[in-house]
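Listing of run_12.txt; format and content: compact mmCIF, C-alpha atoms.
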# COMPACT_ATOMS: atom_id res chain seq x y z
CA MET A 1 72.04 -8.44 -28.93
CA ASP A 2 69.69 -10.92 -30.64
CA THR A 3 68.32 -10.48 -34.15
CA LEU A 4 64.94 -9.20 -33.02
CA GLU A 5 66.51 -6.47 -30.88
CA PHE A 6 68.88 -5.60 -33.72
CA LEU A 7 65.92 -5.20 -36.07
CA LYS A 8 64.06 -3.02 -33.57
CA ASP A 9 67.08 -0.77 -33.24
CA SER A 10 67.53 -0.54 -36.99
CA LEU A 11 63.90 0.44 -37.49
CA ALA A 12 64.15 3.03 -34.71
CA LEU A 13 67.11 4.62 -36.50
CA ASP A 14 65.40 4.65 -39.90
CA ARG A 15 62.01 5.63 -38.62
CA PRO A 16 60.11 7.87 -41.05
CA ALA A 17 58.02 10.79 -39.81
CA ALA A 18 54.57 9.77 -38.58
CA PRO A 19 51.69 11.35 -40.50
CA GLU A 20 49.77 14.20 -38.88
CA ALA A 21 46.51 12.92 -40.35
CA VAL A 22 45.50 9.38 -41.23
CA SER A 23 43.00 8.26 -43.85
CA SER A 24 39.89 6.39 -42.76
CA GLN A 25 40.00 2.68 -42.09
CA ASP A 26 37.59 2.21 -45.02
CA ILE A 27 40.22 3.57 -47.41
CA HIS A 28 42.80 1.22 -45.95
CA LEU A 29 40.43 -1.74 -46.21
CA SER A 30 39.71 -0.91 -49.85
CA MET A 31 43.38 -1.60 -50.46
CA ALA A 32 42.90 -5.14 -49.15
CA ALA A 33 40.38 -5.88 -51.89
CA ALA A 34 42.78 -4.45 -54.48
CA LEU A 35 45.66 -6.48 -53.07
CA ASN A 36 43.59 -9.66 -53.20
CA GLU A 37 42.83 -8.99 -56.85
CA ARG A 38 46.50 -8.44 -57.63
CA MET A 39 47.73 -11.47 -55.69
CA GLU A 40 45.18 -13.79 -57.31
CA LYS A 41 46.80 -12.86 -60.63
CA GLU A 42 50.32 -13.63 -59.46
CA PRO A 43 51.90 -16.41 -61.54
CA ASP A 44 52.43 -19.72 -59.75
CA LEU A 45 50.59 -18.49 -56.70
CA ASP A 46 50.13 -22.09 -55.58
CA LEU A 47 53.89 -22.36 -55.15
CA ILE A 48 53.97 -19.59 -52.55
CA VAL A 49 50.53 -19.92 -50.92
CA PRO A 50 49.00 -23.39 -50.50
CA PHE A 51 45.77 -23.58 -52.48
CA GLU A 52 43.74 -24.47 -49.39
CA LYS A 53 45.14 -21.37 -47.64
CA ARG A 54 43.88 -18.84 -50.21
CA GLY A 55 41.08 -17.81 -47.87
CA MET A 56 43.62 -17.29 -45.11
CA MET A 57 45.66 -15.12 -47.48
CA ARG A 58 42.66 -12.93 -48.30
CA GLU A 59 41.81 -12.56 -44.63
CA ASN A 60 45.42 -11.77 -43.87
CA HIS A 61 45.30 -8.90 -46.34
CA ILE A 62 42.33 -7.40 -44.53
CA ASN A 63 44.08 -7.75 -41.17
CA HIS A 64 47.27 -6.43 -42.72
CA PHE A 65 45.68 -3.15 -43.80
CA ARG A 66 43.81 -2.87 -40.51
CA TYR A 67 47.19 -3.12 -38.86
CA MET A 68 48.87 -0.58 -41.13
CA HIS A 69 46.00 1.83 -40.45
CA SER A 70 46.61 1.31 -36.74
CA VAL A 71 50.37 1.76 -37.19
CA ALA A 72 49.82 5.07 -38.97
CA ARG A 73 47.94 6.28 -35.87
CA VAL A 74 49.99 4.63 -33.11
CA PHE A 75 53.53 3.64 -34.01
CA SER A 76 55.96 1.72 -31.85
CA HIS A 77 59.00 0.34 -33.63
CA GLY A 78 59.18 -2.54 -31.15
CA ASP A 79 55.56 -3.48 -31.73
CA PHE A 80 56.00 -3.21 -35.49
CA VAL A 81 58.99 -5.54 -35.62
CA GLU A 82 57.36 -8.07 -33.30
CA THR A 83 54.11 -8.02 -35.23
CA VAL A 84 55.87 -8.47 -38.57
CA ALA A 85 57.87 -11.36 -37.14
CA TRP A 86 54.74 -12.91 -35.60
CA ALA A 87 52.80 -12.66 -38.86
CA MET A 88 55.63 -14.10 -40.95
CA ARG A 89 56.21 -16.92 -38.48
CA THR A 90 52.48 -17.75 -38.36
CA TYR A 91 51.82 -17.70 -42.08
CA ARG A 92 55.01 -19.59 -42.86
CA GLY A 93 53.80 -22.14 -40.32
CA HIS A 94 50.71 -22.48 -42.51
CA GLY A 95 52.79 -23.07 -45.62
CA PHE A 96 53.27 -19.57 -47.04
CA ALA A 97 56.67 -19.19 -48.72
CA LEU A 98 59.02 -16.29 -48.00
CA GLU A 99 58.50 -15.35 -51.66
CA TYR A 100 54.91 -14.42 -50.75
CA TRP A 101 56.14 -11.27 -48.97
CA ARG A 102 58.55 -10.44 -51.78
CA ARG A 103 55.58 -10.36 -54.14
CA MET A 104 52.95 -8.92 -51.83
CA LEU A 105 54.88 -5.99 -50.35
CA PRO A 106 55.61 -4.19 -53.67
CA HIS A 107 51.86 -4.27 -54.38
CA CYS A 108 51.24 -2.71 -50.97
CA ILE A 109 53.74 0.04 -51.77
CA GLU A 110 52.04 0.82 -55.08
CA LEU A 111 48.61 0.84 -53.47
CA CYS A 112 49.76 3.24 -50.74
CA GLN A 113 51.35 5.53 -53.29
CA SER A 114 48.23 5.60 -55.44
CA ARG A 115 45.55 5.82 -52.75
CA LEU A 116 46.93 7.63 -49.69
CA PRO A 117 47.99 11.24 -49.07
CA LEU A 118 51.70 11.82 -49.58
CA GLN A 119 52.79 12.06 -45.93
CA GLU A 120 50.85 8.97 -44.89
CA SER A 121 52.06 7.07 -47.93
CA ARG A 122 55.71 7.99 -47.28
CA PHE A 123 55.44 6.79 -43.71
CA LEU A 124 53.94 3.43 -44.60
CA VAL A 125 56.10 2.90 -47.69
CA GLY A 126 59.14 3.46 -45.47
CA LEU A 127 57.96 0.61 -43.29
CA TYR A 128 57.29 -1.67 -46.26
CA GLU A 129 60.75 -0.92 -47.64
CA TRP A 130 62.22 -1.71 -44.26
CA ILE A 131 60.56 -5.15 -44.30
CA LEU A 132 61.72 -5.84 -47.86
CA GLY A 133 65.24 -4.78 -46.94
CA ASN A 134 65.30 -7.09 -43.93
CA ILE A 135 63.70 -10.25 -45.27
CA GLN A 136 67.03 -12.06 -45.09
CA GLU A 137 67.32 -11.22 -41.40
CA LEU A 138 63.67 -12.12 -40.80
CA ASP A 139 64.02 -15.46 -42.58
CA PRO A 140 65.79 -17.47 -39.85
CA LEU A 141 63.87 -15.61 -37.16
CA THR A 142 60.51 -16.63 -38.59
CA ALA A 143 61.26 -20.08 -39.98
CA PRO A 144 58.67 -22.68 -38.95
CA GLU A 145 61.40 -24.88 -37.48
CA GLN A 146 62.23 -22.06 -35.07
CA MET A 147 58.72 -22.30 -33.72
CA GLN A 148 58.98 -26.07 -33.49
CA ALA A 149 62.03 -25.55 -31.33
CA GLY A 150 59.97 -23.42 -29.01
CA GLU A 151 61.36 -20.04 -29.88
CA GLN A 152 58.69 -17.34 -29.94
CA MET B 1 49.02 -21.64 0.75
CA SER B 2 48.06 -24.17 -1.87
CA GLY B 3 48.88 -27.79 -1.10
CA PHE B 4 49.22 -28.36 -4.81
CA SER B 5 52.85 -28.66 -5.91
CA HIS B 6 54.25 -26.92 -8.96
CA ASP B 7 54.94 -30.26 -10.64
CA ARG B 8 51.41 -31.40 -10.01
CA THR B 9 50.04 -28.17 -11.43
CA MET B 10 52.15 -28.57 -14.57
CA LYS B 11 50.91 -32.15 -14.93
CA LEU B 12 47.35 -30.89 -14.58
CA ALA B 13 47.99 -28.33 -17.32
CA ASP B 14 49.28 -31.07 -19.63
CA ASP B 15 46.33 -33.36 -18.91
CA TYR B 16 43.82 -30.52 -19.23
CA GLN B 17 45.29 -29.45 -22.56
CA GLN B 18 45.14 -32.99 -23.89
CA ALA B 19 41.51 -33.35 -22.83
CA LEU B 20 40.68 -30.15 -24.70
CA LEU B 21 42.54 -31.29 -27.81
CA ASP B 22 40.71 -34.63 -27.62
CA GLY B 23 37.36 -32.85 -27.43
CA GLN B 24 36.66 -34.27 -23.98
CA ARG B 25 34.83 -31.45 -22.22
CA ASP B 26 33.57 -33.50 -19.31
CA LYS B 27 36.99 -34.99 -18.62
CA ALA B 28 38.58 -31.52 -18.76
CA SER B 29 36.02 -30.20 -16.32
CA ALA B 30 36.44 -33.17 -13.97
CA LEU B 31 40.22 -32.69 -13.91
CA ILE B 32 39.74 -29.11 -12.75
CA ILE B 33 37.11 -29.87 -10.12
CA ASP B 34 39.21 -32.72 -8.70
CA ALA B 35 42.28 -30.49 -8.52
CA LEU B 36 40.36 -27.77 -6.70
CA ASP B 37 39.03 -30.35 -4.26
CA ASP B 38 42.63 -31.46 -3.70
CA GLY B 39 43.74 -27.95 -2.77
CA LEU B 40 44.67 -26.16 -5.99
CA ALA B 41 44.12 -22.43 -5.49
CA ILE B 42 41.93 -20.69 -8.06
CA PRO B 43 44.50 -17.96 -8.90
CA SER B 44 46.99 -20.71 -9.71
CA LEU B 45 44.35 -22.53 -11.73
CA TYR B 46 43.73 -19.41 -13.80
CA LEU B 47 47.36 -18.45 -14.44
CA ASP B 48 49.20 -21.76 -14.37
CA VAL B 49 46.61 -23.93 -16.07
CA PHE B 50 44.03 -21.92 -18.04
CA GLN B 51 46.35 -19.15 -19.25
CA LEU B 52 49.20 -21.53 -19.99
CA THR B 53 46.91 -23.87 -21.88
CA GLN B 54 45.39 -21.06 -23.94
CA HIS B 55 48.84 -19.84 -24.93
CA ARG B 56 49.99 -23.33 -25.85
CA ILE B 57 46.93 -24.06 -27.96
CA GLY B 58 47.31 -20.70 -29.67
CA ARG B 59 50.86 -21.72 -30.47
CA LEU B 60 49.63 -25.03 -31.90
CA TRP B 61 47.32 -23.10 -34.23
CA GLN B 62 50.24 -20.89 -35.21
CA GLN B 63 52.17 -24.05 -36.09
CA ASN B 64 49.22 -25.33 -38.15
CA LYS B 65 48.85 -28.30 -35.81
CA VAL B 66 45.29 -27.55 -34.69
CA SER B 67 42.45 -25.82 -36.48
CA VAL B 68 40.69 -22.60 -35.52
CA ALA B 69 37.75 -24.82 -34.55
CA VAL B 70 39.82 -26.71 -31.99
CA GLU B 71 41.19 -23.46 -30.61
CA HIS B 72 37.70 -22.00 -30.25
CA TYR B 73 36.37 -25.21 -28.70
CA SER B 74 39.14 -25.12 -26.10
CA THR B 75 38.38 -21.51 -25.29
CA ALA B 76 34.67 -22.23 -24.98
CA VAL B 77 35.24 -25.15 -22.61
CA THR B 78 37.55 -23.09 -20.40
CA GLN B 79 35.07 -20.21 -20.33
CA LEU B 80 32.31 -22.65 -19.38
CA ILE B 81 34.38 -23.96 -16.46
CA MET B 82 35.25 -20.43 -15.38
CA SER B 83 31.56 -19.54 -15.36
CA ASN B 84 30.78 -22.60 -13.25
CA LEU B 85 33.52 -21.62 -10.80
CA PHE B 86 32.28 -18.06 -10.41
CA PRO B 87 30.23 -18.79 -7.26
CA ARG B 88 33.49 -19.90 -5.60
CA ILE B 89 35.22 -16.59 -6.24
CA VAL B 90 32.47 -14.05 -5.89
CA GLY B 91 33.53 -11.25 -3.55
CA ASP B 92 31.63 -9.00 -1.19
CA GLY B 93 32.64 -5.64 -2.62
CA SER B 94 34.36 -4.75 0.64
CA ALA B 95 37.36 -3.22 -1.16
CA GLY B 96 35.10 -0.27 -1.93
CA LYS B 97 36.46 0.00 -5.46
CA THR B 98 34.80 -0.57 -8.81
CA VAL B 99 36.39 -1.85 -12.01
CA VAL B 100 34.92 -2.09 -15.48
CA GLY B 101 36.62 -4.50 -17.88
CA CYS B 102 36.09 -4.88 -21.61
CA CYS B 103 37.74 -5.78 -24.88
CA VAL B 104 38.27 -2.94 -27.28
CA SER B 105 36.13 -2.55 -30.36
CA SER B 106 36.02 -5.71 -32.46
CA GLU B 107 38.51 -7.56 -30.29
CA LEU B 108 37.14 -11.07 -29.81
CA HIS B 109 39.75 -12.50 -27.44
CA GLU B 110 37.93 -11.90 -24.18
CA MET B 111 39.18 -14.62 -21.87
CA GLY B 112 42.12 -12.58 -20.63
CA MET B 113 39.89 -9.72 -19.55
CA ARG B 114 37.45 -12.15 -17.98
CA MET B 115 40.36 -13.48 -15.90
CA VAL B 116 41.38 -9.96 -14.92
CA CYS B 117 37.86 -9.14 -13.74
CA ASP B 118 37.68 -12.41 -11.83
CA PHE B 119 40.95 -11.59 -10.05
CA PHE B 120 39.52 -8.21 -9.01
CA GLU B 121 36.39 -10.05 -7.85
CA MET B 122 38.57 -12.35 -5.73
CA ASN B 123 40.02 -9.20 -4.17
CA ASN B 124 36.56 -7.91 -3.28
CA TRP B 125 36.31 -5.19 -5.86
CA THR B 126 32.93 -4.60 -7.48
CA THR B 127 33.46 -5.85 -11.03
CA HIS B 128 31.66 -5.30 -14.31
CA PHE B 129 32.88 -7.47 -17.17
CA LEU B 130 31.44 -6.25 -20.48
CA GLY B 131 33.12 -8.63 -22.93
CA SER B 132 33.79 -7.68 -26.52
CA GLY B 133 32.05 -5.67 -29.21
CA MET B 134 31.51 -2.70 -26.91
CA PRO B 135 30.70 0.62 -28.65
CA ASP B 136 32.93 3.37 -27.24
CA ALA B 137 30.07 5.72 -26.37
CA ASP B 138 28.16 3.01 -24.51
CA LEU B 139 31.23 2.08 -22.53
CA VAL B 140 31.89 5.70 -21.56
CA GLY B 141 28.28 6.04 -20.41
CA PHE B 142 28.47 2.81 -18.42
CA VAL B 143 31.72 3.83 -16.73
CA ARG B 144 30.21 7.19 -15.83
CA ASP B 145 27.05 5.61 -14.42
CA LYS B 146 29.01 3.15 -12.29
CA GLN B 147 31.52 5.81 -11.19
CA ALA B 148 34.21 3.24 -11.86
CA ASP B 149 37.57 3.77 -10.19
CA LEU B 150 39.35 1.77 -12.86
CA VAL B 151 38.71 0.79 -16.47
CA CYS B 152 40.63 -2.17 -17.89
CA ILE B 153 40.82 -2.50 -21.66
CA SER B 154 42.06 -5.62 -23.39
CA CYS B 155 43.58 -5.79 -26.87
CA THR B 156 45.08 -8.97 -28.26
CA THR B 157 45.41 -8.21 -31.96
CA SER B 158 47.86 -5.47 -32.87
CA TYR B 159 45.53 -3.88 -35.40
CA ASN B 160 43.21 -2.89 -32.54
CA VAL B 161 45.83 -0.72 -30.79
CA GLN B 162 44.57 2.39 -32.59
CA ALA B 163 41.05 1.56 -31.34
CA VAL B 164 42.44 1.46 -27.79
CA LYS B 165 43.81 4.97 -28.33
CA SER B 166 40.39 6.18 -29.49
CA LEU B 167 38.63 4.57 -26.53
CA VAL B 168 41.11 5.98 -24.00
CA ALA B 169 40.62 9.42 -25.54
CA ALA B 170 36.83 9.06 -25.31
CA LEU B 171 37.08 8.10 -21.63
CA SER B 172 39.55 10.88 -20.86
CA ASP B 173 37.44 13.50 -22.65
CA ASP B 174 34.31 12.65 -20.69
CA ALA B 175 34.04 15.08 -17.81
CA GLY B 176 31.91 12.67 -15.79
CA THR B 177 34.49 9.92 -15.93
CA MET B 178 37.40 10.06 -13.52
CA SER B 179 38.62 6.50 -13.85
CA ALA B 180 42.19 5.36 -14.08
CA ILE B 181 42.79 3.38 -17.27
CA MET B 182 44.78 0.17 -17.57
CA VAL B 183 45.40 -1.54 -20.89
CA GLY B 184 46.59 -5.06 -21.50
CA GLY B 185 47.09 -7.80 -24.02
CA ALA B 186 49.88 -9.08 -26.21
CA PRO B 187 50.92 -5.80 -27.89
CA PHE B 188 51.25 -4.00 -24.55
CA ALA B 189 52.95 -6.90 -22.79
CA ALA B 190 55.65 -7.02 -25.45
CA ASN B 191 55.95 -3.24 -25.91
CA PRO B 192 55.16 -1.21 -22.80
CA ASP B 193 55.95 2.02 -24.70
CA LEU B 194 52.53 1.60 -26.32
CA VAL B 195 50.87 2.40 -22.98
CA ALA B 196 51.89 6.05 -23.13
CA LEU B 197 51.21 6.24 -26.86
CA VAL B 198 47.55 5.29 -26.34
CA GLY B 199 47.25 7.59 -23.30
CA ALA B 200 46.62 4.93 -20.66
CA ASN B 201 47.94 4.95 -17.09
CA ALA B 202 49.36 1.45 -16.82
CA THR B 203 49.56 -2.05 -18.17
CA ALA B 204 49.93 -5.45 -16.54
CA ALA B 205 51.40 -8.70 -17.72
CA ASP B 206 48.72 -10.87 -16.15
CA ALA B 207 45.64 -10.76 -13.95
CA ARG B 208 47.57 -10.90 -10.67
CA GLU B 209 49.70 -7.93 -11.66
CA ALA B 210 46.59 -6.11 -12.88
CA VAL B 211 45.12 -6.19 -9.38
CA ARG B 212 48.37 -4.99 -7.81
CA LYS B 213 48.68 -2.13 -10.28
CA GLY B 214 44.97 -1.39 -9.99
CA TRP B 215 45.40 -0.77 -6.29
CA GLU B 216 48.37 1.51 -6.98
CA LEU B 217 46.34 3.54 -9.46
CA VAL B 218 43.32 4.10 -7.23
CA SER B 219 45.01 4.49 -3.84
For the structure just supplied, provide its representation as structure tokens.
Amino acid sequence: MDTLEFLKDSLALDRPAAPEAVSSQDIHLSMAAALNERMEKEPDLDLIVPFEKRGMMRENHINHFRYMHSVARVFSHGDFVETVAWAMRTYRGHGFALEYWRRMLPHCIELCQSRLPLQESRFLVGLYEWILGNIQELDPLTAPEQMQAGEQ
Amino acid sequence: MSGFSHDRTMKLADDYQQALLDGQRDKASALIIDALDDGLAIPSLYLDVFQLTQHRIGRLWQQNKVSVAVEHYSTAVTQLIMSNLFPRIVGDGSAGKTVVGCCVSSELHEMGMRMVCDFFEMNNWTTHFLGSGMPDADLVGFVRDKQADLVCISCTTSYNVQAVKSLVAALSDDAGTMSAIMVGGAPFAANPDLVALVGANATAADAREAVRKGWELVS
């Protein structure tokens, strides 16, 4: 079994309960603005996100919360793992460091906990914690050199 | 049977991609027209050249080797060529079936669905390609008016999957709409379990398979 399939299986086993109701997309998108504000204040941001890619980072945060809103409504563990791997591979290809996710994801957890209903927050926080707990496994899978070698 | 060999088709894909990356629209177009004149079949052109090239250039963007501008330019050139080729593929509607194709919600990646509709056109279905930015209610009304046998919905970006679910629900809830619903795009190709989760009837990996499954759904 390859790493991607292993990760899919591990997420399927740990899958938190899906929420019965999901907040509006506007509420999710408001978290993107808050995340941008927090990340802009991160020390040594230039070391983890190339300065010329700041706009890409901000746009990524909008797409990120769009995606998490979608995930709360339609969840497939396979799709989640593949999308996380795709996003990490893509943004690392554009110079984002792995440390970016280590700093960004805890902010996402706090924002969910402070802005979303409990059941929805628990579901999404469970997914964020899963990513944080598997960054070591995701590292080789999403390294830019993997993409250079033609692995998708 | 196309007289165009696989190796020659792959060489064409390489040359076509390079012309796009070099910003040489006229050369790219000439390569395609010459290949068609030499016997390349249009379905092969779509899947083995256009689709392959789009995927490769998308990968180059992912690797930070080309800009979004180059990617969009390449897409625009290919769409221009496809439009110019349309008179060569237009069908006669003799299949007696109607398909409506669109991209969900804010999904901007419409070339895949355009290819799907063109493949149905080549198989003599009556086709209606609506592109992207389609409001759900307008689509439902259009599908009802056309009495479509099949609705194809494309979704490339994963964050639009929930919008597919909403659109499928809107189509299914409309009493005047009896269409089968096929969904496609990267999330569904990689994770077919999403098809049931959004309430659709089927998915297809590419335009050729979409036609085959379309026939299965409406027969």
Need to verify the contact set: region 10-24 of chain A, 12 Å, all atoms listed in the file, exclusion of same-chain residues closer than 6 positions in sequence. Can you return it as a ChimeraX atom specification? /A:3-4,30-31,65-66,68-82,112,115-131,133-134,137 /B:162
Between CA of Ala189 (chain B) and CA of Thr203 (chain B), what distance in Å does the model show, to one decimal?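 Taking CA of Ala189 (chain B) as the start and CA of Thr203 (chain B) as the end point, the length is 7.5 Å.
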Using all atoms listed in the file, find each residue in chain B having at least one atom no more than 6 Å away from chain A; report its shortest atom-to-atom pair and that distance in Å (one decimal), rows by chain then rising number, as CSV.
residue,atom,partner,partner_atom,distance
B:Gln62,CA,A:Thr90,CA,5.0
B:Gln63,CA,A:Gly93,CA,4.9
B:Asn64,CA,A:His94,CA,5.4
B:Tyr159,CA,A:Tyr67,CA,3.9
B:Gln162,CA,A:Ser70,CA,4.7
B:Asn191,CA,A:Asp79,CA,5.8
Serialized selection, C-alpha atoms, as an mmCIF file, keeping the file's coordinate frame:
data_model
loop_
_atom_site.group_PDB
_atom_site.id
_atom_site.type_symbol
_atom_site.label_atom_id
_atom_site.label_comp_id
_atom_site.auth_asym_id
_atom_site.auth_seq_id
_atom_site.Cartn_x
_atom_site.Cartn_y
_atom_site.Cartn_z
ATOM 1 C CA GLN B 62 50.240 -20.890 -35.210
ATOM 2 C CA GLN B 63 52.170 -24.050 -36.090
ATOM 3 C CA ASN B 64 49.220 -25.330 -38.150
ATOM 4 C CA TYR B 159 45.530 -3.880 -35.400
ATOM 5 C CA GLN B 162 44.570 2.390 -32.590
ATOM 6 C CA ASN B 191 55.950 -3.240 -25.910
#
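Take CA of Thr142 (chain A) and CA of Phe188 (chain B): the distance between them is 21.0 Å.
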Atomic separation - CA of Ile89 (chain B) relative to CA of Asn124 (chain B), Å: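 Computed distance, CA of Asn124 (chain B) to CA of Ile89 (chain B), equals 9.3 Å.
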Please provide the set of residues having any atom within 12 Å of Ile33 (chain B), restricted to only C-alpha atoms, with same-chain residues fewer than 5 positions apart removed, written as a short mmCIF file (atom, residue, chain, number, x, y, z; two decimals) with C-alpha atoms, keeping the file's coordinate frame.
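Contents of around.cif, as written:
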data_model
loop_
_atom_site.label_atom_id
_atom_site.label_comp_id
_atom_site.auth_asym_id
_atom_site.auth_seq_id
_atom_site.Cartn_x
_atom_site.Cartn_y
_atom_site.Cartn_z
CA LEU B 12 47.35 -30.89 -14.58
CA TYR B 16 43.82 -30.52 -19.23
CA ASP B 26 33.57 -33.50 -19.31
CA LYS B 27 36.99 -34.99 -18.62
CA ALA B 28 38.58 -31.52 -18.76
CA ASP B 38 42.63 -31.46 -3.70
CA GLY B 39 43.74 -27.95 -2.77
CA LEU B 40 44.67 -26.16 -5.99
CA ALA B 41 44.12 -22.43 -5.49
CA ILE B 42 41.93 -20.69 -8.06
CA LEU B 45 44.35 -22.53 -11.73
CA ILE B 81 34.38 -23.96 -16.46
CA MET B 82 35.25 -20.43 -15.38
CA ASN B 84 30.78 -22.60 -13.25
CA LEU B 85 33.52 -21.62 -10.80
CA ARG B 88 33.49 -19.90 -5.60
#
